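Q: Just passing along the structure, written as structure tokens.
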There are 2 protein chains.
Amino acid sequence: MTLDDLPTPCLVLDRGILDRNIRAMASAVKRLGVPLRPHLKTAKSIDVARMALQGQPGGITVSTLAEAEYFLGHGITDILYAVGITPQKLDQVVRLNANGARIIVVTDDPEMAAVIGRHPSPPRTLIEIDSGESRGGLHPSDDRLGPIAASLGDGLAGVMTHAGHSYAGRGIREIEAIAAQERLAVTGAAGRLRDGGYRIDIVSAGSSPTARHAENFAGVTELRAGVYMFGDLFQAGIDTHGADAIAVTVLASVIGRRPGRILVDAGGLALSKDRSTEAGPRDYGYGLALDIAGQPSYGFAIVTRAYQEHGVIQCDPAQPIDLPIGGKLRIAPNHTCMTGAAHDRYFVVDGEQAVAAIWHRVNGW
Amino acid sequence: MTLDDLPTPCLVLDRGILDRNIRAMASAVKRLGVPLRPHLKTAKSIDVARMALQGQPGGITVSTLAEAEYFLGHGITDILYAVGITPQKLDQVVRLNANGARIIVVTDDPEMAAVIGRHPSPPRTLIEIDSGESRGGLHPSDDRLGPIAASLGDGLAGVMTHAGHSYAGRGIREIEAIAAQERLAVTGAAGRLRDGGYRIDIVSAGSSPTARHAENFAGVTELRAGVYMFGDLFQAGIDTHGADAIAVTVLASVIGRRPGRILVDAGGLALSKDRSTEAGPRDYGYGLALDIAGQPSYGFAIVTRAYQEHGVIQCDPAQPIDLPIGGKLRIAPNHTCMTGAAHDRYFVVDGEQAVAAIWHRVNGW
């Protein structure tokens with residue numbers, strides 16, 4: 001089976017690029033002396049997880065309890081669920097932990113910490129710290145830090161932060177500065193808690209840009225990152241990785257031809273409506289057209305409109321796309337985490353167009 | 001089971017509102033004297049299809065062959081696959097038709113028409129006409145219309161158009177004007193082909209706004225529409241339906257609280273990254289927060305940021321959201337077709353919060 005035989009739209013994963021991306025991140029965090037707890041929210045695949053865990057301690061990060069259950073079913077037990085826990089989800093975590101998982105949860109809320117602390121078998125819990133993203137987490141100097149730690153009691157395992165604002169960084173220097181801020185926030189919070197007599201085993205930080213480009217993560221015990229495995233146009237735009245490091249693309253077929261543009265069967269569902277690159281150095285619409293071999297043969301041909309199942313590609317006059325109806329091409333995504341959502345599998349290739357494997361994804365909740 | 005018991009995020013479908021929306025559309029098309037071929041691309045559910053088909057001839061429209069196969073498995077045979085056909089998908093259609101389906105396909109391409117015409121058992125085919133959206137289809141005066149009809153031979157069943165540009169209409173008067181343009185384009189093409197000696201049985205048109213608000217669809221044999229069943233903030237904004245006609249919402253839990261805003265567990269996957277309302281009369285960010293009963297108790301509280309699994313709701317100072325961690329609320333979507341994509345089921349309610357049924361969706365391709 002080759003790409004030409006596949007029904008479209010579908011996700012193509014280039015294992016060679018994936019492997020290179022994983023090695024690059026492994027070498028970046030090794031230089032920092034911090035192990036990786038890969039975030040599987042982008043890949044949602046045990047096959048990818050196994051590659052990402054090579055040379056790492058074996059713990060993973062997830063964004064849904066569906067992922068936690070799936071990876072537990074495949075033998076991974078050390079799982080950080082990195083989205084703020086609720087009482088209902090706490091019950092679900094406790095059930096999974098009773099079945100062999102060792103799920104770690106996250107909170108930044110005093111009342112929720114009390115709920116966890118009162119539980120007869122609380123999971124290990126990290127207090128979320130805001131290192132500048134201003135999404136979740138407490139400022140490291142927040143007065144509630146001590147009381148939350150006290151409420152958690154024996155459940156307290158450490159602190160965590162996510163420098164999601166590194167996505168607004170432009171270039172390696174800016175990302176380095178955000179990584180320094182991330183480190184200071186989370187190690188500062190850990191220091192305050194230790195000074196207060198609390199035992200802090202885990203000091204968890206990370207995002208793909210900061211894990212890749214930090215100069216120093218001293219005091220941090222683990223780094224979390226996810227999108228680095230696959231890369232995308234946005235991450236390439238902010239220099240998290242090179243333009244040739246995008247491992248996931250959407251295979252599409254031509255379904256219409258007009259002067260200067262083509263219509264493909266990959267629209268808003270197959271590509272997602274993510275417009276991350278609008279805020280980046282170069283706006284790729286809903287994605288960049290590549291040839292079926294994944295090569296940039298069509299110049300700056302981007303998906304300018306995305307309907308549910310139709311995508312409109314505006315061709316580059318210098319490198320027009322001359323394909324018949326049914327001809328296939330690939331589209332590099334703005335944001336792979338979003339683009340994966342509607343796809344239940346990867347068709348895996350190794351540079352060539354032969355399909356080497358089919359890997360499944362765990363979607364939903 | 002009530003909404004309070006459900007894991008979040010998930011899709012809630014209010015059957016009472018759905019029923020009202022379906023009746024409103026049925027009455028609109030009855031007034032026009034044109035039957036409905038409901039588009040199931042939004043609902044992707046046999047339970048919804050059965051409601052939408054009441055009082056209609058029984059044919060449906062789909063946007064993927066996965067939908068075609070699913071609905072065929074549930075006994076629906078008259079299926080229009082309304083996305084331009086390719087040679088590979090033609091083979092798949094022919095196989096489904098050999099298994100009892102009567103799938104109709106669409107093309108606007110001379111070479112593809114020749115492929116269909118040469119097939120030993122071609123499906124019925126409609127020639128796609130562009131009525132102003134400028135996505136797919138030929139202008140009704142296009143010289144290629146006759147040659148395509150000739151190539152299709154006995155496969156030719158008619159013409160179709162989709163006035164997707166009605167989504168850019170602002171108010172009922174503008175939508176009426178676009179509906180008139182839609183009708184003229186598709187009946188004009190049908191007339192030219194009949195004048196050329198071709199038999200045209202099907203003259204298919206429609207979009208939710210134009211099907212709902214047209215003054216006249218004389219000469220059109222069927223109307224296609226889909227999003228009307230569920231409605232959304234965008235359609236309410238352009239007056240396709242009222243603000244109380246949104247049948248699908250996303251149930252979410254509070255996972256973080258900060259002054260003036262809350263964090264919920266519905267982000268870019270659960271809501272989609274669709275930003276349709278940005279171009280509408282009022283920008284709702286990634287959705288509007290309602291209380292767990294689906295009532296607008298929180299004023300203009302909208303999702304201003306959507307990460308993969310986190311949504312940030314900026315509260316309305318006049319009607320703050322006072323919920324604990326784990327407290328539940330509902331989010332009305334910008335564009336239900338997109339929001340459904342990551343969800344595999346509906347939790348069905350009837351005005352109240354009791355879950356009356358669970359209906360499955362056929363996602364993917």
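Following the order of the structure tokens, first chain is A, next is B, and so on, with residues numbered from 1 inside each chain and ligands from 1 in the order they appear.
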Show which residues sit within 8 Å of segment 305-318 of chain A, as a PyMOL selection string. Count only C-alpha atoms, and ignore same-chain residues fewer than 6 positions away.
A: (chain A and resi 260-270+273+285-286+289+298-299) or (chain B and resi 63-64+83+135+337-338)
Q: Return chain B as a compact mmCIF listing (two decimals) with C-alpha atoms, in the first residue's frame, after superposing it on chain A by a least-squares fit that covers all C-alpha atoms paired in order.
A:
```txt
# COMPACT_ATOMS: atom_id res chain seq x y z
CA MET B 1 -0.01 0.00 0.01
CA THR B 2 1.27 3.45 -0.87
CA LEU B 3 -0.06 6.95 -0.18
CA ASP B 4 -1.72 6.86 -3.58
CA ASP B 5 -3.99 4.02 -2.41
CA LEU B 6 -5.22 5.73 0.74
CA PRO B 7 -8.69 7.19 1.16
CA THR B 8 -8.53 10.92 1.75
CA PRO B 9 -8.38 12.97 3.83
CA CYS B 10 -6.08 11.17 6.25
CA LEU B 11 -3.07 11.80 8.47
CA VAL B 12 0.39 10.85 7.26
CA LEU B 13 3.17 10.47 9.83
CA ASP B 14 6.77 10.38 8.66
CA ARG B 15 8.60 8.11 11.08
CA GLY B 16 12.03 9.32 10.02
CA ILE B 17 11.21 12.95 10.82
CA LEU B 18 9.49 11.88 14.06
CA ASP B 19 12.59 9.97 15.09
CA ARG B 20 14.83 12.95 14.30
CA ASN B 21 12.58 15.31 16.29
CA ILE B 22 12.58 12.96 19.27
CA ARG B 23 16.37 12.66 19.19
CA ALA B 24 16.78 16.43 18.93
CA MET B 25 14.64 16.95 22.03
CA ALA B 26 16.33 14.12 23.92
CA SER B 27 19.67 15.70 23.24
CA ALA B 28 18.40 19.17 24.25
CA VAL B 29 17.11 17.97 27.61
CA LYS B 30 20.18 15.80 28.20
CA ARG B 31 22.33 18.90 27.81
CA LEU B 32 20.15 20.50 30.51
CA GLY B 33 20.49 17.43 32.70
CA VAL B 34 16.72 17.11 33.09
CA PRO B 35 14.71 14.04 32.04
CA LEU B 36 11.66 14.30 29.82
CA ARG B 37 8.10 13.40 30.72
CA PRO B 38 6.73 13.54 27.16
CA HIS B 39 3.31 15.08 26.71
CA LEU B 40 1.17 12.70 24.64
CA LYS B 41 -1.67 15.15 24.02
CA THR B 42 -0.45 15.75 20.49
CA ALA B 43 0.38 12.19 19.46
CA LYS B 44 -2.27 10.27 21.47
CA SER B 45 -0.56 7.06 20.32
CA ILE B 46 1.23 4.28 22.18
CA ASP B 47 3.55 3.71 19.20
CA VAL B 48 4.70 7.32 19.34
CA ALA B 49 4.91 7.17 23.15
CA ARG B 50 7.30 4.22 22.98
CA MET B 51 9.63 6.15 20.68
CA ALA B 52 9.43 9.31 22.80
CA LEU B 53 10.22 7.37 25.99
CA GLN B 54 13.48 5.89 24.73
CA GLY B 55 16.24 6.91 27.13
CA GLN B 56 13.75 8.64 29.45
CA PRO B 57 12.52 7.51 32.88
CA GLY B 58 9.16 6.27 31.55
CA GLY B 59 6.65 8.78 32.89
CA ILE B 60 4.28 10.59 30.54
CA THR B 61 1.98 13.59 30.55
CA VAL B 62 -1.62 13.48 29.30
CA SER B 63 -4.36 16.04 28.71
CA THR B 64 -7.41 13.79 29.13
CA LEU B 65 -8.35 10.86 31.32
CA ALA B 66 -9.20 8.94 28.14
CA GLU B 67 -5.49 9.19 27.30
CA ALA B 68 -4.57 8.11 30.85
CA GLU B 69 -6.78 5.02 30.60
CA TYR B 70 -5.47 4.15 27.13
CA PHE B 71 -1.80 4.44 28.07
CA LEU B 72 -2.41 2.52 31.30
CA GLY B 73 -3.92 -0.23 29.16
CA HIS B 74 -0.60 -0.29 27.31
CA GLY B 75 1.42 -0.63 30.49
CA ILE B 76 2.40 2.96 31.25
CA THR B 77 1.64 3.73 34.89
CA ASP B 78 3.50 6.96 35.75
CA ILE B 79 1.09 9.52 34.29
CA LEU B 80 0.75 13.23 34.97
CA TYR B 81 -2.73 14.52 34.13
CA ALA B 82 -1.77 18.13 33.48
CA VAL B 83 -5.22 19.75 33.46
CA GLY B 84 -6.72 21.08 36.71
CA ILE B 85 -8.53 18.29 38.54
CA THR B 86 -12.20 18.41 39.59
CA PRO B 87 -13.96 16.33 42.30
CA GLN B 88 -15.63 14.15 39.65
CA LYS B 89 -12.36 13.49 37.80
CA LEU B 90 -10.60 12.85 41.10
CA ASP B 91 -12.90 9.87 41.61
CA GLN B 92 -12.01 8.60 38.15
CA VAL B 93 -8.28 9.02 38.85
CA VAL B 94 -8.59 7.16 42.13
CA ARG B 95 -10.32 4.28 40.31
CA LEU B 96 -7.54 4.14 37.69
CA ASN B 97 -4.91 4.27 40.42
CA ALA B 98 -6.64 1.37 42.15
CA ASN B 99 -6.16 -0.50 38.88
CA GLY B 100 -2.42 -0.01 38.79
CA ALA B 101 -1.96 3.53 37.53
CA ARG B 102 0.06 6.10 39.46
CA ILE B 103 -1.65 9.18 38.10
CA ILE B 104 -0.47 12.53 39.41
CA VAL B 105 -2.99 15.38 39.41
CA VAL B 106 -2.76 19.15 39.40
CA THR B 107 -4.62 21.93 41.21
CA ASP B 108 -4.24 25.59 42.08
CA ASP B 109 -7.43 25.87 44.11
CA PRO B 110 -7.66 25.87 47.93
CA GLU B 111 -11.08 24.18 48.04
CA MET B 112 -10.04 21.49 45.58
CA ALA B 113 -6.85 20.89 47.57
CA ALA B 114 -9.01 20.30 50.64
CA VAL B 115 -11.13 17.77 48.70
CA ILE B 116 -7.96 15.92 47.69
CA GLY B 117 -6.52 16.11 51.19
CA ARG B 118 -9.68 14.62 52.70
CA HIS B 119 -9.74 11.72 50.26
CA PRO B 120 -8.87 8.34 51.84
CA SER B 121 -6.49 7.49 48.97
CA PRO B 122 -5.45 10.76 47.40
CA PRO B 123 -3.34 10.75 44.24
CA ARG B 124 0.00 12.53 44.30
CA THR B 125 -0.72 16.17 43.56
CA LEU B 126 1.25 19.05 42.07
CA ILE B 127 0.40 22.67 42.78
CA GLU B 128 0.16 24.58 39.51
CA ILE B 129 2.29 27.71 39.27
CA ASP B 130 1.78 30.55 36.78
CA SER B 131 5.11 31.39 35.18
CA GLY B 132 3.72 34.15 32.99
CA GLU B 133 1.16 32.55 30.70
CA SER B 134 -1.70 33.74 32.91
CA ARG B 135 -3.88 30.72 32.19
CA GLY B 136 -3.93 28.55 35.31
CA GLY B 137 -1.74 28.44 38.39
CA LEU B 138 -0.74 30.63 41.29
CA HIS B 139 1.96 33.25 41.20
CA PRO B 140 4.96 31.81 43.11
CA SER B 141 4.54 34.48 45.80
CA ASP B 142 0.80 33.87 46.20
CA ASP B 143 -0.31 33.63 49.83
CA ARG B 144 -2.45 30.59 49.08
CA LEU B 145 0.56 28.39 48.27
CA GLY B 146 1.20 27.38 51.90
CA PRO B 147 -2.45 26.71 52.81
CA ILE B 148 -2.91 24.58 49.67
CA ALA B 149 0.20 22.57 50.53
CA ALA B 150 -1.10 22.13 54.07
CA SER B 151 -4.51 20.97 52.81
CA LEU B 152 -2.96 18.42 50.48
CA GLY B 153 -1.03 16.84 53.34
CA ASP B 154 0.67 13.62 52.30
CA GLY B 155 -0.79 14.02 48.79
CA LEU B 156 1.56 16.91 48.03
CA ALA B 157 4.23 15.77 45.56
CA GLY B 158 5.48 19.00 44.11
CA VAL B 159 4.86 21.91 41.79
CA MET B 160 4.42 22.33 38.05
CA THR B 161 4.17 25.09 35.48
CA HIS B 162 3.70 25.43 31.73
CA ALA B 163 5.29 28.37 29.94
CA GLY B 164 2.65 28.43 27.22
CA HIS B 165 3.53 32.05 26.57
CA SER B 166 6.71 30.76 24.94
CA TYR B 167 4.47 30.35 21.89
CA ALA B 168 4.47 34.12 21.67
CA GLY B 169 8.27 34.11 21.62
CA ARG B 170 9.90 35.14 18.37
CA GLY B 171 13.19 33.41 17.85
CA ILE B 172 15.54 31.49 20.08
CA ARG B 173 16.68 34.44 22.25
CA GLU B 174 13.14 35.29 23.32
CA ILE B 175 12.38 31.65 24.04
CA GLU B 176 15.50 31.41 26.21
CA ALA B 177 14.31 34.39 28.24
CA ILE B 178 10.88 32.83 28.75
CA ALA B 179 12.51 29.54 29.80
CA ALA B 180 14.49 31.45 32.45
CA GLN B 181 11.25 32.99 33.75
CA GLU B 182 9.59 29.55 33.75
CA ARG B 183 12.44 28.04 35.75
CA LEU B 184 12.53 30.87 38.28
CA ALA B 185 8.78 30.71 38.90
CA VAL B 186 8.57 27.00 39.51
CA THR B 187 11.82 26.63 41.46
CA GLY B 188 10.89 29.74 43.45
CA ALA B 189 7.59 28.17 44.47
CA ALA B 190 9.36 24.90 45.30
CA GLY B 191 11.87 26.81 47.44
CA ARG B 192 9.13 28.65 49.36
CA LEU B 193 7.35 25.38 50.07
CA ARG B 194 10.55 23.64 51.18
CA ASP B 195 11.31 26.60 53.43
CA GLY B 196 7.85 26.02 54.90
CA GLY B 197 8.78 22.45 55.74
CA TYR B 198 7.07 20.70 52.86
CA ARG B 199 8.69 17.91 50.90
CA ILE B 200 8.79 18.72 47.18
CA ASP B 201 9.89 15.78 45.04
CA ILE B 202 8.65 16.93 41.66
CA VAL B 203 9.43 20.29 40.09
CA SER B 204 7.89 20.00 36.65
CA ALA B 205 8.11 22.55 33.83
CA GLY B 206 8.19 22.70 30.10
CA SER B 207 6.80 23.51 26.70
CA SER B 208 8.28 22.47 23.39
CA PRO B 209 9.96 25.83 22.73
CA THR B 210 11.44 26.26 26.23
CA ALA B 211 12.50 22.61 26.65
CA ARG B 212 14.29 22.85 23.32
CA HIS B 213 16.02 26.19 23.78
CA ALA B 214 16.52 26.81 27.52
CA GLU B 215 20.05 27.51 28.69
CA ASN B 216 19.46 26.20 32.18
CA PHE B 217 16.75 24.29 34.02
CA ALA B 218 18.60 23.78 37.31
CA GLY B 219 16.23 22.85 40.11
CA VAL B 220 13.65 21.44 37.70
CA THR B 221 13.24 17.67 38.00
CA GLU B 222 11.41 16.97 34.73
CA LEU B 223 10.41 18.68 31.50
CA ARG B 224 7.12 18.25 29.68
CA ALA B 225 6.76 18.85 25.95
CA GLY B 226 4.60 17.36 23.24
CA VAL B 227 4.25 19.14 19.93
CA TYR B 228 8.02 18.87 19.30
CA MET B 229 7.51 15.27 18.18
CA PHE B 230 5.46 16.27 15.16
CA GLY B 231 6.24 19.95 14.69
CA ASP B 232 4.05 22.29 12.64
CA LEU B 233 4.13 25.51 10.68
CA PHE B 234 3.64 27.59 13.80
CA GLN B 235 6.49 25.98 15.72
CA ALA B 236 8.73 26.27 12.67
CA GLY B 237 7.76 29.95 12.48
CA ILE B 238 8.97 30.62 16.03
CA ASP B 239 12.16 28.53 15.56
CA THR B 240 11.23 25.65 17.87
CA HIS B 241 12.42 23.50 14.99
CA GLY B 242 13.40 23.74 11.34
CA ALA B 243 10.98 23.88 8.41
CA ASP B 244 11.91 20.31 7.46
CA ALA B 245 10.85 18.93 10.87
CA ILE B 246 7.09 18.65 10.30
CA ALA B 247 6.37 14.94 10.70
CA VAL B 248 2.57 15.03 10.32
CA THR B 249 0.74 16.15 7.20
CA VAL B 250 -2.78 15.71 5.86
CA LEU B 251 -3.08 13.72 2.65
CA ALA B 252 -5.77 15.22 0.41
CA SER B 253 -7.19 14.71 -3.08
CA VAL B 254 -7.97 17.34 -5.68
CA ILE B 255 -11.76 17.62 -6.10
CA GLY B 256 -11.97 20.77 -8.22
CA ARG B 257 -9.79 22.95 -10.44
CA ARG B 258 -10.12 26.61 -11.29
CA PRO B 259 -7.64 29.09 -12.70
CA GLY B 260 -5.05 29.82 -10.02
CA ARG B 261 -6.53 27.58 -7.40
CA ILE B 262 -7.62 24.06 -6.58
CA LEU B 263 -10.23 22.57 -4.32
CA VAL B 264 -9.24 19.64 -2.09
CA ASP B 265 -11.16 17.25 0.15
CA ALA B 266 -9.42 18.46 3.31
CA GLY B 267 -11.36 21.26 4.96
CA GLY B 268 -11.98 22.54 8.45
CA LEU B 269 -12.47 19.07 9.94
CA ALA B 270 -9.40 17.44 8.38
CA LEU B 271 -7.12 20.44 8.97
CA SER B 272 -8.86 22.12 11.94
CA LYS B 273 -9.82 25.76 11.92
CA ASP B 274 -6.67 26.66 13.86
CA ARG B 275 -5.16 29.90 12.63
CA SER B 276 -2.06 30.04 14.87
CA THR B 277 0.21 31.21 12.10
CA GLU B 278 -1.90 34.36 11.70
CA ALA B 279 -0.04 35.69 14.74
CA GLY B 280 3.32 34.30 13.62
CA PRO B 281 5.94 35.71 11.28
CA ARG B 282 4.19 34.22 8.23
CA ASP B 283 0.49 33.47 7.80
CA TYR B 284 -0.12 30.07 6.18
CA GLY B 285 -3.91 30.29 6.15
CA TYR B 286 -5.11 26.79 7.10
CA GLY B 287 -1.92 25.05 5.95
CA LEU B 288 0.79 24.81 3.30
CA ALA B 289 0.47 22.52 0.26
CA LEU B 290 3.32 20.05 -0.35
CA ASP B 291 3.54 17.39 -3.04
CA ILE B 292 2.59 13.77 -2.32
CA ALA B 293 6.21 13.06 -1.35
CA GLY B 294 6.01 15.82 1.28
CA GLN B 295 8.33 18.12 -0.67
CA PRO B 296 7.75 21.89 -1.03
CA SER B 297 7.19 21.71 -4.80
CA TYR B 298 4.31 24.16 -4.93
CA GLY B 299 5.95 27.27 -3.51
CA PHE B 300 3.71 29.37 -1.28
CA ALA B 301 0.48 27.49 -2.02
CA ILE B 302 -1.72 27.78 1.07
CA VAL B 303 -5.23 26.80 2.10
CA THR B 304 -6.98 30.15 2.08
CA ARG B 305 -10.50 28.91 2.86
CA ALA B 306 -11.58 25.90 4.91
CA TYR B 307 -15.19 24.73 4.74
CA GLN B 308 -16.29 21.57 6.57
CA GLU B 309 -14.99 19.16 3.90
CA HIS B 310 -13.62 21.54 1.24
CA GLY B 311 -10.32 23.35 1.28
CA VAL B 312 -9.42 26.04 -1.26
CA ILE B 313 -5.72 26.20 -2.13
CA GLN B 314 -4.51 29.39 -3.72
CA CYS B 315 -1.65 28.37 -6.00
CA ASP B 316 1.70 30.11 -6.22
CA PRO B 317 1.87 31.49 -9.77
CA ALA B 318 5.57 30.59 -9.91
CA GLN B 319 4.90 26.93 -9.05
CA PRO B 320 1.33 26.03 -10.05
CA ILE B 321 -0.24 22.77 -8.90
CA ASP B 322 -0.94 20.74 -12.00
CA LEU B 323 -2.87 17.70 -10.76
CA PRO B 324 -5.97 15.99 -12.15
CA ILE B 325 -9.15 15.37 -10.16
CA GLY B 326 -8.20 12.71 -7.64
CA GLY B 327 -4.53 13.73 -7.72
CA LYS B 328 -3.01 13.69 -4.23
CA LEU B 329 -0.96 16.17 -2.26
CA ARG B 330 -0.09 16.78 1.38
CA ILE B 331 -0.85 19.75 3.61
CA ALA B 332 1.45 20.81 6.44
CA PRO B 333 -0.66 21.95 9.41
CA ASN B 334 -0.56 25.15 11.42
CA HIS B 335 -0.97 23.33 14.69
CA THR B 336 -0.73 19.54 14.77
CA CYS B 337 -2.42 19.19 18.18
CA MET B 338 -5.62 20.55 16.63
CA THR B 339 -5.27 18.92 13.22
CA GLY B 340 -5.08 15.46 14.73
CA ALA B 341 -8.43 15.81 16.50
CA ALA B 342 -10.72 14.49 13.76
CA HIS B 343 -8.42 11.64 12.70
CA ASP B 344 -8.43 8.25 14.38
CA ARG B 345 -5.18 6.89 12.91
CA TYR B 346 -1.83 7.69 11.33
CA PHE B 347 -0.64 6.20 8.09
CA VAL B 348 3.07 5.86 8.80
CA VAL B 349 5.68 6.30 6.10
CA ASP B 350 9.47 6.29 6.16
CA GLY B 351 10.45 9.04 3.77
CA GLU B 352 9.07 7.05 0.83
CA GLN B 353 5.40 6.79 -0.11
CA ALA B 354 4.99 3.17 0.99
CA VAL B 355 2.74 2.83 4.05
CA ALA B 356 4.86 1.06 6.67
CA ALA B 357 2.29 0.92 9.48
CA ILE B 358 -1.04 2.18 10.77
CA TRP B 359 -0.99 3.62 14.27
CA HIS B 360 -4.15 4.44 16.20
CA ARG B 361 -4.97 7.57 18.17
CA VAL B 362 -7.02 7.87 21.35
CA ASN B 363 -9.36 10.80 20.76
CA GLY B 364 -12.18 12.23 22.81
CA TRP B 365 -12.65 12.22 26.57
```
Q: Give me every alpha helix (DSSP H) residue in segment 109-345 of chain A, going by DSSP on the backbone, as a ChimeraX atom specification.
A: /A:110-118,145-152,172-195,208-213,233-237,268-271,336-339
